[in-house]
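Asks: Pasting structure-v8.txt here (compact mmCIF, C-alpha atoms and all ligand atoms):
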# COMPACT_ATOMS: atom_id res chain seq x y z
CA MET J 317 1.42 29.18 3.60
CA ALA J 318 2.63 27.25 6.65
CA ASN J 319 1.96 23.53 6.82
CA LYS J 320 -0.41 21.87 9.31
CA SER J 321 1.40 20.67 12.41
CA LEU J 322 1.59 16.97 13.25
CA ALA J 323 3.18 17.68 16.65
CA LYS J 324 -0.04 16.94 18.51
CA ASP J 325 -2.00 14.02 19.91
CA HIS J 326 -3.46 11.46 17.57
CA ALA J 327 -6.94 12.30 18.87
CA ASP J 328 -6.53 15.86 17.57
CA THR J 329 -5.18 14.74 14.21
CA CYS J 330 -7.40 14.16 11.19
CA VAL J 331 -6.05 11.98 8.39
CA LEU J 332 -7.49 11.95 4.88
CA VAL J 333 -7.16 8.43 3.48
CA THR J 334 -7.72 8.30 -0.27
CA GLY J 335 -8.60 4.81 -1.44
CA GLY J 336 -9.51 4.01 2.16
CA ALA J 337 -12.10 1.38 1.18
CA GLY J 338 -9.51 -0.69 -0.70
CA PHE J 339 -7.36 -3.58 0.49
CA ILE J 340 -4.45 -1.69 2.05
CA GLY J 341 -6.54 1.42 2.72
CA SER J 342 -9.15 -0.37 4.84
CA HIS J 343 -6.49 -2.08 6.96
CA THR J 344 -4.74 1.26 7.42
CA CYS J 345 -8.01 2.85 8.58
CA VAL J 346 -8.28 0.16 11.28
CA GLU J 347 -4.75 0.84 12.54
CA LEU J 348 -5.23 4.62 12.46
CA LEU J 349 -8.50 4.35 14.40
CA ASN J 350 -6.89 1.94 16.88
CA GLN J 351 -4.24 4.58 17.47
CA GLY J 352 -6.86 7.23 18.14
CA TYR J 353 -6.72 9.20 14.88
CA ARG J 354 -9.76 10.72 13.20
CA VAL J 355 -10.12 9.46 9.64
CA VAL J 356 -11.82 10.78 6.52
CA VAL J 357 -11.97 8.40 3.57
CA VAL J 358 -12.30 9.52 -0.04
CA ASP J 359 -12.85 6.58 -2.39
CA ASP J 360 -14.69 6.33 -5.73
CA LEU J 361 -15.50 2.64 -5.07
CA SER J 362 -14.26 1.79 -8.59
CA ASN J 363 -12.34 -1.21 -7.21
CA SER J 364 -13.62 -1.37 -3.65
CA SER J 365 -16.77 -1.62 -1.58
CA GLU J 366 -18.32 0.60 1.06
CA VAL J 367 -19.01 -2.61 3.01
CA ALA J 368 -15.29 -2.61 3.86
CA LEU J 369 -15.81 0.62 5.81
CA ASP J 370 -18.81 -0.82 7.68
CA ARG J 371 -16.51 -3.68 8.65
CA VAL J 372 -13.78 -1.21 9.73
CA ARG J 373 -16.36 0.42 12.01
CA ARG J 374 -17.30 -3.00 13.40
CA ILE J 375 -13.68 -3.95 14.08
CA THR J 376 -12.78 -0.66 15.75
CA GLY J 377 -16.12 0.20 17.36
CA VAL J 378 -16.03 3.75 16.00
CA ASP J 379 -18.89 5.57 14.32
CA ASP J 380 -19.25 8.25 11.66
CA ASP J 381 -17.75 11.09 13.67
CA ARG J 382 -14.39 9.26 13.82
CA LEU J 383 -14.60 7.69 10.34
CA ALA J 384 -16.24 9.81 7.66
CA PHE J 385 -16.71 8.66 4.06
CA TYR J 386 -17.03 10.55 0.78
CA GLU J 387 -17.66 8.71 -2.47
CA ALA J 388 -15.50 10.71 -4.86
CA ASN J 389 -12.59 10.40 -7.27
CA VAL J 390 -9.45 12.36 -6.51
CA LEU J 391 -9.72 13.99 -9.93
CA ASP J 392 -12.89 15.72 -8.71
CA ARG J 393 -11.51 19.03 -7.50
CA GLU J 394 -14.84 20.36 -6.18
CA ALA J 395 -15.54 17.21 -4.19
CA LEU J 396 -12.05 17.28 -2.68
CA ALA J 397 -12.34 20.96 -1.81
CA GLN J 398 -15.59 20.21 0.00
CA VAL J 399 -13.87 17.49 2.05
CA PHE J 400 -11.11 19.90 3.09
CA GLU J 401 -13.69 22.55 3.97
CA GLU J 402 -15.80 20.18 6.07
CA HIS J 403 -12.86 18.59 7.93
CA ASP J 404 -9.75 20.05 9.47
CA ILE J 405 -7.41 17.67 7.65
CA ASP J 406 -3.83 17.49 8.97
CA ALA J 407 -2.26 14.83 6.77
CA ILE J 408 -3.00 12.67 3.76
CA ILE J 409 -2.31 9.01 3.16
CA HIS J 410 -2.77 8.58 -0.58
CA PHE J 411 -3.67 5.09 -1.77
CA ALA J 412 -6.24 5.86 -4.45
CA GLY J 413 -5.12 4.55 -7.82
CA PHE J 414 -5.48 1.79 -10.37
CA LYS J 415 -3.06 -1.06 -9.72
CA ALA J 416 -3.27 -3.79 -12.35
CA VAL J 417 0.04 -4.04 -14.17
CA GLY J 418 -1.26 -5.80 -17.30
CA GLU J 419 -4.30 -3.56 -17.59
CA SER J 420 -2.08 -0.49 -17.38
CA VAL J 421 -0.33 -1.57 -20.58
CA GLN J 422 -3.71 -1.79 -22.36
CA LYS J 423 -5.09 1.43 -20.85
CA PRO J 424 -2.19 3.84 -20.39
CA LEU J 425 -4.34 6.93 -20.71
CA GLU J 426 -6.67 5.79 -17.93
CA TYR J 427 -3.71 4.97 -15.68
CA TYR J 428 -1.83 8.22 -16.26
CA TRP J 429 -5.01 10.22 -15.92
CA ASN J 430 -6.36 8.58 -12.79
CA ASN J 431 -3.12 7.91 -10.93
CA PHE J 432 -0.93 10.74 -12.11
CA ALA J 433 -3.33 13.62 -12.75
CA GLY J 434 -5.42 12.55 -9.74
CA THR J 435 -2.42 12.98 -7.44
CA LEU J 436 -1.67 16.41 -8.90
CA VAL J 437 -5.24 17.55 -8.24
CA LEU J 438 -5.09 16.12 -4.70
CA CYS J 439 -1.83 17.91 -3.88
CA ASP J 440 -3.08 21.17 -5.39
CA VAL J 441 -6.30 21.18 -3.36
CA ALA J 442 -4.41 20.11 -0.23
CA ARG J 443 -1.92 22.95 -0.66
CA ASP J 444 -4.78 25.44 -1.10
CA HIS J 445 -5.96 24.31 2.34
CA GLY J 446 -2.54 24.48 3.99
CA VAL J 447 -2.01 20.70 4.10
CA LYS J 448 1.47 19.64 3.01
CA ASN J 449 1.89 16.39 4.92
CA ILE J 450 1.54 13.38 2.63
CA VAL J 451 2.33 9.69 2.78
CA PHE J 452 2.39 8.16 -0.68
CA SER J 453 1.70 4.57 -1.57
CA SER J 454 4.67 3.66 -3.72
CA SER J 455 5.97 0.26 -4.73
CA ALA J 456 9.10 -1.85 -4.95
CA THR J 457 8.32 -1.78 -8.66
CA VAL J 458 10.32 1.49 -8.81
CA TYR J 459 13.54 -0.56 -8.45
CA GLY J 460 12.75 -2.45 -11.68
CA GLU J 461 15.31 -5.23 -12.13
CA PRO J 462 17.08 -4.54 -8.80
CA GLU J 463 20.82 -3.87 -8.87
CA PHE J 464 21.32 -5.68 -5.60
CA ILE J 465 19.48 -7.86 -3.10
CA PRO J 466 18.36 -7.19 -0.41
CA ILE J 467 17.13 -3.91 -1.84
CA THR J 468 17.95 -0.84 0.24
CA GLU J 469 16.32 2.53 -0.35
CA ASP J 470 19.41 3.82 -2.13
CA CYS J 471 19.29 1.03 -4.69
CA PRO J 472 19.02 2.93 -8.00
CA LYS J 473 15.57 3.21 -9.52
CA HIS J 474 15.08 1.70 -12.97
CA GLU J 475 12.76 2.42 -15.82
CA ALA J 476 9.37 0.83 -15.15
CA THR J 477 8.21 -1.70 -17.73
CA ASN J 478 4.57 -0.63 -17.59
CA PRO J 479 2.45 2.51 -17.08
CA TYR J 480 1.39 1.46 -13.56
CA GLY J 481 5.03 1.36 -12.46
CA GLN J 482 5.73 4.59 -14.34
CA THR J 483 3.03 6.41 -12.39
CA LYS J 484 4.56 5.27 -9.08
CA SER J 485 8.03 6.33 -10.10
CA MET J 486 6.92 9.64 -11.62
CA LEU J 487 4.80 10.51 -8.60
CA GLU J 488 7.76 9.90 -6.29
CA GLN J 489 9.57 12.53 -8.36
CA VAL J 490 6.64 14.94 -8.31
CA LEU J 491 6.32 14.71 -4.52
CA THR J 492 10.06 15.18 -4.10
CA ASP J 493 9.93 18.25 -6.32
CA LEU J 494 7.09 19.70 -4.23
CA TYR J 495 9.44 19.71 -1.26
CA VAL J 496 12.34 21.08 -3.30
CA GLY J 497 10.13 23.96 -4.45
CA ASP J 498 8.51 24.61 -1.07
CA GLY J 499 10.37 23.48 2.06
CA GLU J 500 7.10 23.34 4.02
CA TRP J 501 6.24 19.96 2.48
CA ASN J 502 6.62 16.85 4.59
CA VAL J 503 6.57 13.79 2.33
CA VAL J 504 6.98 10.07 2.98
CA LEU J 505 7.28 7.60 0.11
CA LEU J 506 6.53 4.06 1.23
CA ARG J 507 7.77 1.39 -1.15
CA TYR J 508 5.67 -1.71 -0.57
CA PHE J 509 6.86 -5.18 -1.32
CA ASN J 510 4.07 -7.79 -1.71
CA PRO J 511 1.17 -7.17 0.68
CA ILE J 512 -0.99 -10.22 1.45
CA GLY J 513 -3.05 -11.63 4.32
CA ALA J 514 -6.01 -9.98 6.00
CA HIS J 515 -7.18 -8.62 9.33
CA GLU J 516 -7.34 -11.43 11.91
CA SER J 517 -11.10 -10.90 12.34
CA GLY J 518 -11.68 -12.22 8.81
CA LEU J 519 -13.94 -9.19 8.24
CA ILE J 520 -11.74 -7.27 5.77
CA GLY J 521 -9.34 -8.51 3.11
CA GLU J 522 -8.43 -8.38 -0.55
CA ASP J 523 -11.39 -8.50 -2.94
CA PRO J 524 -10.12 -8.37 -6.52
CA LYS J 525 -12.63 -7.97 -9.33
CA GLY J 526 -12.55 -10.82 -11.87
CA ILE J 527 -9.68 -13.29 -12.16
CA PRO J 528 -6.88 -12.20 -9.81
CA ASN J 529 -3.55 -11.13 -11.31
CA ASN J 530 -1.53 -11.48 -8.13
CA LEU J 531 -0.42 -14.77 -6.62
CA LEU J 532 -2.14 -14.76 -3.24
CA PRO J 533 -5.70 -13.98 -4.24
CA TYR J 534 -5.31 -16.56 -7.00
CA VAL J 535 -4.12 -19.24 -4.56
CA ALA J 536 -6.92 -18.32 -2.14
CA GLN J 537 -9.55 -18.72 -4.86
CA VAL J 538 -8.16 -22.13 -5.79
CA ALA J 539 -8.37 -23.08 -2.10
CA VAL J 540 -12.01 -22.04 -1.92
CA GLY J 541 -12.83 -23.92 -5.14
CA LYS J 542 -13.52 -20.93 -7.40
CA LEU J 543 -10.49 -21.58 -9.62
CA GLU J 544 -9.13 -24.94 -10.68
CA ARG J 545 -5.36 -24.72 -10.26
CA VAL J 546 -2.60 -22.23 -9.68
CA GLY J 547 -0.39 -21.41 -12.67
CA VAL J 548 3.22 -21.16 -11.50
CA PHE J 549 4.92 -18.66 -13.79
CA GLY J 550 8.31 -20.28 -14.41
CA ASP J 551 10.31 -22.88 -12.49
CA ASP J 552 13.71 -22.20 -14.04
CA TYR J 553 14.72 -19.08 -12.13
CA PRO J 554 18.02 -19.16 -10.21
CA THR J 555 16.25 -19.62 -6.84
CA HIS J 556 16.09 -22.47 -4.30
CA ASP J 557 13.23 -24.24 -6.10
CA GLY J 558 13.30 -22.44 -9.45
CA THR J 559 10.21 -20.30 -8.82
CA GLY J 560 10.17 -16.52 -8.32
CA VAL J 561 11.04 -15.17 -4.87
CA ARG J 562 9.21 -12.19 -3.34
CA ASP J 563 9.02 -10.40 -0.02
CA TYR J 564 5.46 -11.01 1.17
CA ILE J 565 4.31 -8.74 3.97
CA HIS J 566 1.20 -9.00 6.12
CA VAL J 567 -1.17 -6.17 5.20
CA VAL J 568 -1.65 -5.34 8.91
CA ASP J 569 2.11 -4.87 9.29
CA LEU J 570 2.07 -2.70 6.19
CA ALA J 571 -0.83 -0.65 7.58
CA ARG J 572 1.10 -0.11 10.83
CA GLY J 573 4.02 1.18 8.77
CA HIS J 574 1.77 4.08 7.70
CA VAL J 575 0.92 4.92 11.31
CA ALA J 576 4.65 4.87 12.11
CA ALA J 577 5.29 7.18 9.13
CA LEU J 578 2.86 9.75 10.54
CA ASP J 579 4.63 9.65 13.92
CA TRP J 580 7.93 10.12 12.10
CA MET J 581 6.57 13.10 10.18
CA GLY J 582 5.42 14.57 13.48
CA GLY J 583 8.97 14.28 14.83
CA LYS J 584 7.82 11.75 17.46
CA VAL J 585 10.19 8.96 16.38
CA GLY J 586 13.51 8.68 14.53
CA THR J 587 16.30 11.08 13.82
CA GLY J 588 15.26 12.26 10.36
CA LYS J 589 18.93 12.34 9.47
CA ALA J 590 19.18 9.15 7.46
CA ASP J 591 19.79 11.09 4.27
CA THR J 592 22.47 8.74 3.05
CA LEU J 593 19.70 6.24 2.45
CA GLY J 594 17.61 8.25 0.06
CA THR J 595 16.00 10.67 2.49
CA LEU J 596 16.02 14.33 1.60
CA ALA J 597 15.99 15.66 5.15
CA GLY J 598 15.29 19.34 5.72
CA GLU J 599 15.56 21.27 8.95
CA PRO J 600 12.63 20.38 11.21
CA ALA J 601 9.97 23.04 11.75
CA ALA J 602 9.94 25.04 15.00
CA ASP J 603 7.45 22.56 16.52
CA GLY J 604 9.77 19.61 15.79
CA THR J 605 7.78 18.23 12.86
CA ARG J 606 9.83 17.06 9.91
CA ARG J 607 10.28 18.71 6.57
CA GLY J 608 11.66 16.79 3.65
CA VAL J 609 11.19 13.51 1.82
CA GLY J 610 11.53 10.23 3.70
CA ILE J 611 11.78 7.05 1.65
CA PHE J 612 11.17 3.68 3.30
CA ASN J 613 10.88 0.10 2.12
CA LEU J 614 8.09 -1.79 3.80
CA GLY J 615 8.81 -5.50 3.63
CA THR J 616 9.91 -8.29 5.93
CA GLY J 617 13.41 -8.83 4.57
CA THR J 618 12.56 -12.49 3.89
CA GLY J 619 12.08 -13.95 0.43
CA SER J 620 9.57 -16.73 -0.27
CA SER J 621 9.15 -18.60 -3.55
CA VAL J 622 5.87 -19.26 -5.34
CA LEU J 623 6.00 -22.88 -4.15
CA ASP J 624 6.77 -21.79 -0.56
CA VAL J 625 3.61 -19.69 -0.69
CA ILE J 626 1.46 -22.45 -2.16
CA HIS J 627 2.65 -24.90 0.51
CA ALA J 628 2.16 -22.40 3.35
CA PHE J 629 -1.37 -21.80 2.11
CA GLU J 630 -1.98 -25.56 1.95
CA ARG J 631 -1.05 -25.78 5.64
CA ALA J 632 -3.39 -22.88 6.42
CA CYS J 633 -6.41 -24.32 4.62
CA GLY J 634 -5.70 -28.01 5.20
CA LYS J 635 -6.04 -28.95 1.53
CA THR J 636 -3.68 -29.86 -1.27
CA LEU J 637 -3.71 -27.12 -3.89
CA PRO J 638 -3.25 -28.21 -7.50
CA TYR J 639 -0.74 -26.24 -9.53
CA GLU J 640 0.78 -26.35 -12.98
CA VAL J 641 4.06 -24.86 -14.14
CA LYS J 642 3.62 -22.34 -16.95
CA PRO J 643 6.07 -20.18 -18.87
CA ARG J 644 7.64 -17.19 -17.16
CA ARG J 645 5.47 -14.05 -17.06
CA ALA J 646 6.88 -11.13 -19.02
CA GLY J 647 8.43 -8.44 -16.84
CA ASP J 648 8.92 -10.67 -13.76
CA VAL J 649 12.24 -10.68 -11.93
CA ALA J 650 13.72 -13.78 -10.27
CA VAL J 651 14.25 -12.43 -6.77
CA ASN J 652 12.98 -9.36 -4.99
CA TYR J 653 13.20 -8.70 -1.28
CA ALA J 654 13.80 -5.72 0.94
CA ALA J 655 16.37 -4.49 3.38
CA CYS J 656 14.21 -3.07 6.16
CA ASP J 657 16.87 -1.53 8.42
CA LYS J 658 15.97 2.02 7.59
CA ALA J 659 12.30 1.62 8.53
CA ARG J 660 13.38 -0.09 11.75
CA GLU J 661 15.88 2.59 12.71
CA GLU J 662 13.88 5.65 11.69
CA LEU J 663 10.23 4.64 11.98
CA GLY J 664 10.76 2.19 14.83
CA TRP J 665 8.77 -0.26 12.72
CA THR J 666 9.36 -3.89 11.84
CA ALA J 667 7.04 -6.48 10.36
CA GLN J 668 5.73 -8.88 13.04
CA TYR J 669 3.95 -11.59 11.10
CA ASP J 670 5.43 -14.51 9.16
CA LEU J 671 4.20 -16.27 6.03
CA GLU J 672 2.24 -18.89 8.02
CA ARG J 673 0.28 -16.15 9.76
CA MET J 674 -0.27 -14.25 6.49
CA CYS J 675 -1.75 -17.39 4.94
CA ALA J 676 -3.83 -18.25 8.01
CA ASP J 677 -5.38 -14.78 8.08
CA GLY J 678 -5.78 -14.71 4.29
CA TRP J 679 -7.58 -18.06 4.42
CA ARG J 680 -9.90 -16.91 7.24
CA TRP J 681 -10.97 -13.93 5.12
CA GLN J 682 -11.36 -15.97 1.92
CA SER J 683 -13.24 -18.87 3.52
CA GLN J 684 -15.60 -16.56 5.42
CA ASN J 685 -16.15 -14.33 2.38
CA PRO J 686 -15.80 -16.57 -0.69
CA ASP J 687 -17.31 -13.86 -2.90
CA GLY J 688 -15.57 -11.00 -1.15
CA TYR J 689 -17.84 -8.14 -0.12
CA ALA J 690 -20.44 -9.09 -2.75
CA THR J 691 -22.16 -11.50 -0.36
CA ALA J 692 -22.29 -9.01 2.51
C1 LIG K 1 3.07 -7.18 -8.94
C2 LIG K 1 3.61 -6.09 -9.81
C3 LIG K 1 4.05 -4.94 -8.96
C4 LIG K 1 2.90 -4.45 -8.13
C5 LIG K 1 2.30 -5.57 -7.32
C6 LIG K 1 1.01 -5.07 -6.75
C7 LIG K 1 4.50 -7.17 -11.82
C8 LIG K 1 5.74 -7.50 -12.61
N1 LIG K 1 4.69 -6.57 -10.64
O1 LIG K 1 4.16 -7.68 -8.13
O2 LIG K 1 4.50 -3.90 -9.79
O3 LIG K 1 3.33 -3.42 -7.26
O4 LIG K 1 2.01 -6.70 -8.14
O5 LIG K 1 0.37 -6.05 -6.05
O6 LIG K 1 3.40 -7.47 -12.24
N2 LIG K 1 2.82 -15.73 -9.83
C9 LIG K 1 2.52 -17.01 -10.27
N3 LIG K 1 1.22 -17.27 -10.61
C10 LIG K 1 0.22 -16.34 -10.56
C11 LIG K 1 0.56 -15.05 -10.13
C12 LIG K 1 1.87 -14.77 -9.78
O7 LIG K 1 3.38 -17.89 -10.32
O8 LIG K 1 -0.92 -16.65 -10.91
C13 LIG K 1 4.20 -15.45 -9.39
C14 LIG K 1 4.90 -14.32 -10.12
O9 LIG K 1 5.58 -14.79 -11.25
C15 LIG K 1 5.83 -13.79 -9.02
C16 LIG K 1 5.04 -14.04 -7.72
O10 LIG K 1 4.10 -15.05 -8.04
O11 LIG K 1 7.02 -14.57 -8.96
C17 LIG K 1 4.32 -12.81 -7.21
O12 LIG K 1 3.51 -12.27 -8.26
P1 LIG K 1 2.43 -11.13 -7.98
O13 LIG K 1 1.58 -11.49 -6.82
O14 LIG K 1 1.73 -10.83 -9.27
O15 LIG K 1 3.32 -9.88 -7.51
P2 LIG K 1 4.57 -9.19 -8.23
O16 LIG K 1 4.67 -9.57 -9.64
O17 LIG K 1 5.76 -9.39 -7.37
Could you render the structure as structure tokens?

Replies:
Amino acid sequence: MANKSLAKDHADTCVLVTGGAGFIGSHTCVELLNQGYRVVVVDDLSNSSEVALDRVRRITGVDDDRLAFYEANVLDREALAQVFEEHDIDAIIHFAGFKAVGESVQKPLEYYWNNFAGTLVLCDVARDHGVKNIVFSSSATVYGEPEFIPITEDCPKHEATNPYGQTKSMLEQVLTDLYVGDGEWNVVLLRYFNPIGAHESGLIGEDPKGIPNNLLPYVAQVAVGKLERVGVFGDDYPTHDGTGVRDYIHVVDLARGHVAALDWMGGKVGTGKADTLGTLAGEPAADGTRRGVGIFNLGTGTGSSVLDVIHAFERACGKTLPYEVKPRRAGDVAVNYAACDKAREELGWTAQYDLERMCADGWRWQSQNPDGYATA
């Protein structure tokens, strides 16, 4: 069966966003709606809140006919089929999945089932409905201990140290194989570095359940007085201040990377010929839309240490944030940041916001919503 064409106006294009109520998903919905797309969200609300979608509607001024919502898990074949029957979906942005590294070690079956099997069901139902355009939410975790810094897309992948990372890496392979088996598929794998920050309105942001695992939500909860002090995992790494260096990227920049990926898939930007950098580029379809597998890092290209982040957040919130150095966390690497040339050249996308802005926007969200969406 032929694939749906993306060579048309945004207003005529309907995007299924799985996990659209989550942190990155909700920000991506805002950017898609701002660019005129129609959006259908499928989310099981297992780690997100429907309030986020009300806020997306408030930010963008759209109503239900531009942003539809289905509460469903991607493993639910019947529910997915109903979504495809009720909406003329053109492309999928697939965020839905569990994402806690430590938890994935304790609950491998849940992670493989939800993330891995869920994606297989999603692709199967999509294919049944003639939809073979998919943007997948991958991670810099696929590089493992990186062979070189900055990390380009052709940096070799390494064995993941946990089931969460395994699912990302395995699903990249599955989606690549879909294209190899059927040249109608149009796949983009976006490898995120460390998304932080929030929409500038302060209406949507990251709302982790329980004690946060990631640095930024932890720092933000110390700033708001919910946690006592930040634990700094190791200060003896070979970095400028001994703490781990990461490539933090504003979630709004990241969201815009997804919009750029859709334009790229539609043949509206880029050459599609960057196959030396990990892209499996096929011949474009007759309407100019791409066929193949595009792989892009989404980062800023700048590394910041744990202490850089804590101090930037202190400037944003105007308080001193207590911290304590703790032992290194198992599985952490010293330095991890992206080369972003390929996304710039092909997608026409670069990150706009710096660490100060990420912290300012993150603080606005946290201070206005100290209990996340629970207080809404
Ligand atoms: C982690 C995952 C990555 C996943 C990403 C999703 C690991 C090894 N990697 O990235 O696979 O895609 O989250 O968001 O878990 N830190 C502290 N104190 C804290 C928390 C973190 O010092 O309380 C440090 C870490 O040691 C690291 C940096 O802050 O140097 C960033 O950590 P984190 O926010 O957890 O992200 P990653 O580990 O880079």

Asks: Around ligand LIG 1 (chain K), at most 7 Å away and counting all atoms listed in the file, which residues are there? Put them as number ranges by chain, please.

Replies: J: 415, 417, 455-457, 481, 510-511, 529-532, 534, 546-550, 559-562, 622, 644-645, 647-648, 650

Asks: Can you tell me, as a list in words, what residues are no more than 7 Å from segment 399-414 of chain J when counting all atoms listed in the file, ignoring any on the same chain fewer than 4 positions away?

Replies: Lys320, Leu322, Thr329, Cys330, Val331, Leu332, Val333, Thr334, Gly335, Gly341, Asp359, Ala395, Tyr427, Asn430, Asn431, His445, Val447, Asn449, Ile450, Val451, Phe452 and Ser453 of chain J

Asks: Do you have the atom CA of Pro528 of chain J-atom CA of Ala416 of chain J distance handy?

Replies: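 Atom CA of Pro528 of chain J sits 9.5 Å away from atom CA of Ala416 of chain J.
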
Asks: Pick the closest to Gly604 of chain J from J:Pro479, J:Gly352, J:Gly586, J:Gly541: which is it, counting all atoms listed in the file?

Replies: J:Gly586

Asks: Please, what distance in Å, to one decimal, runs between atom CA of Glu522 of chain J and atom CA of Tyr689 of chain J?

Replies: 9.4 Å

Asks: I'd like to know which of J:Gly434, J:Gly377, J:Gly617, J:Gly678 is closest to Leu396 of chain J, using all atoms listed in the file.

Replies: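 Looking at the shortest contact to Leu396 of chain J, the residue is J:Gly434.
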
Asks: Give as a list in words the set of residues within 12 Å of the point (-8.3, -1.0, 16.1), where distances use the file's coordinates and all atoms listed in the file.

Replies: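 All residues meeting the 12 Å criterion around (-8.3, -1.0, 16.1) are Ser342, His343, Thr344, Cys345, Val346, Glu347, Leu348, Leu349, Asn350, Gln351, Gly352, Tyr353, Arg371, Val372, Arg373, Arg374, Ile375, Thr376, Gly377, Val378, His515, Glu516, Ser517, Val568, Ala571, Arg572 and Val575 of chain J.
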
Asks: Between J:Arg443, J:Arg680, J:His627, J:Arg354, which residue has the minimum interatomic distance to Ala397 of chain J, considering only C-alpha atoms?

Replies: J:Arg443

Asks: Between J:Asp523, J:Asp440, J:Glu500, J:Asp624, which has the minimum distance to His556 of chain J (counting only C-alpha atoms)?

Replies: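 Looking at the shortest contact to His556 of chain J, the residue is J:Asp624.
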
Asks: Contacts of Asp670 of chain J at 10 Å or less, counting all atoms listed in the file, minus same-chain residues fewer than 5 places along, as number ranges by chain?

Replies: J: 564-566, 616, 618, 675

Asks: Compile the contact shell of Gly499 of chain J as a VMD selection string: residues with an atom at most 12 Å away, counting all atoms listed in the file, same-chain residues fewer than 6 positions apart removed.

Replies: chain J and resid 317 to 319 448 to 449 491 to 493 596 to 601 606 to 609

Asks: Need to verify the contact set: segment 385-387 of chain J, 8 Å, only C-alpha atoms, exclusion of same-chain residues closer than 3 positions in sequence. Can you return it as a list in words?

Replies: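 Listing them by chain and then by number gives Val356, Val357, Val358, Asp359, Asp360, Leu361 and Val399 of chain J.
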
Asks: In file coordinates, which residues lie within 10 Å of (4.3, 0.8, -16.7) using all atoms listed in the file, given as a list of chain:residue names?

Replies: J:Ala416, J:Val417, J:Gly418, J:Glu419, J:Ser420, J:Val421, J:Pro424, J:Tyr427, J:Tyr428, J:Thr457, J:Val458, J:Glu475, J:Ala476, J:Thr477, J:Asn478, J:Pro479, J:Tyr480, J:Gly481, J:Gln482, J:Thr483, J:Lys484, J:Ser485

Asks: Measure the distance from atom CA of Phe432 of chain J to atom CA of Gly583 of chain J in Å and round it to one decimal.

Replies: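 So the answer is 28.9 Å.
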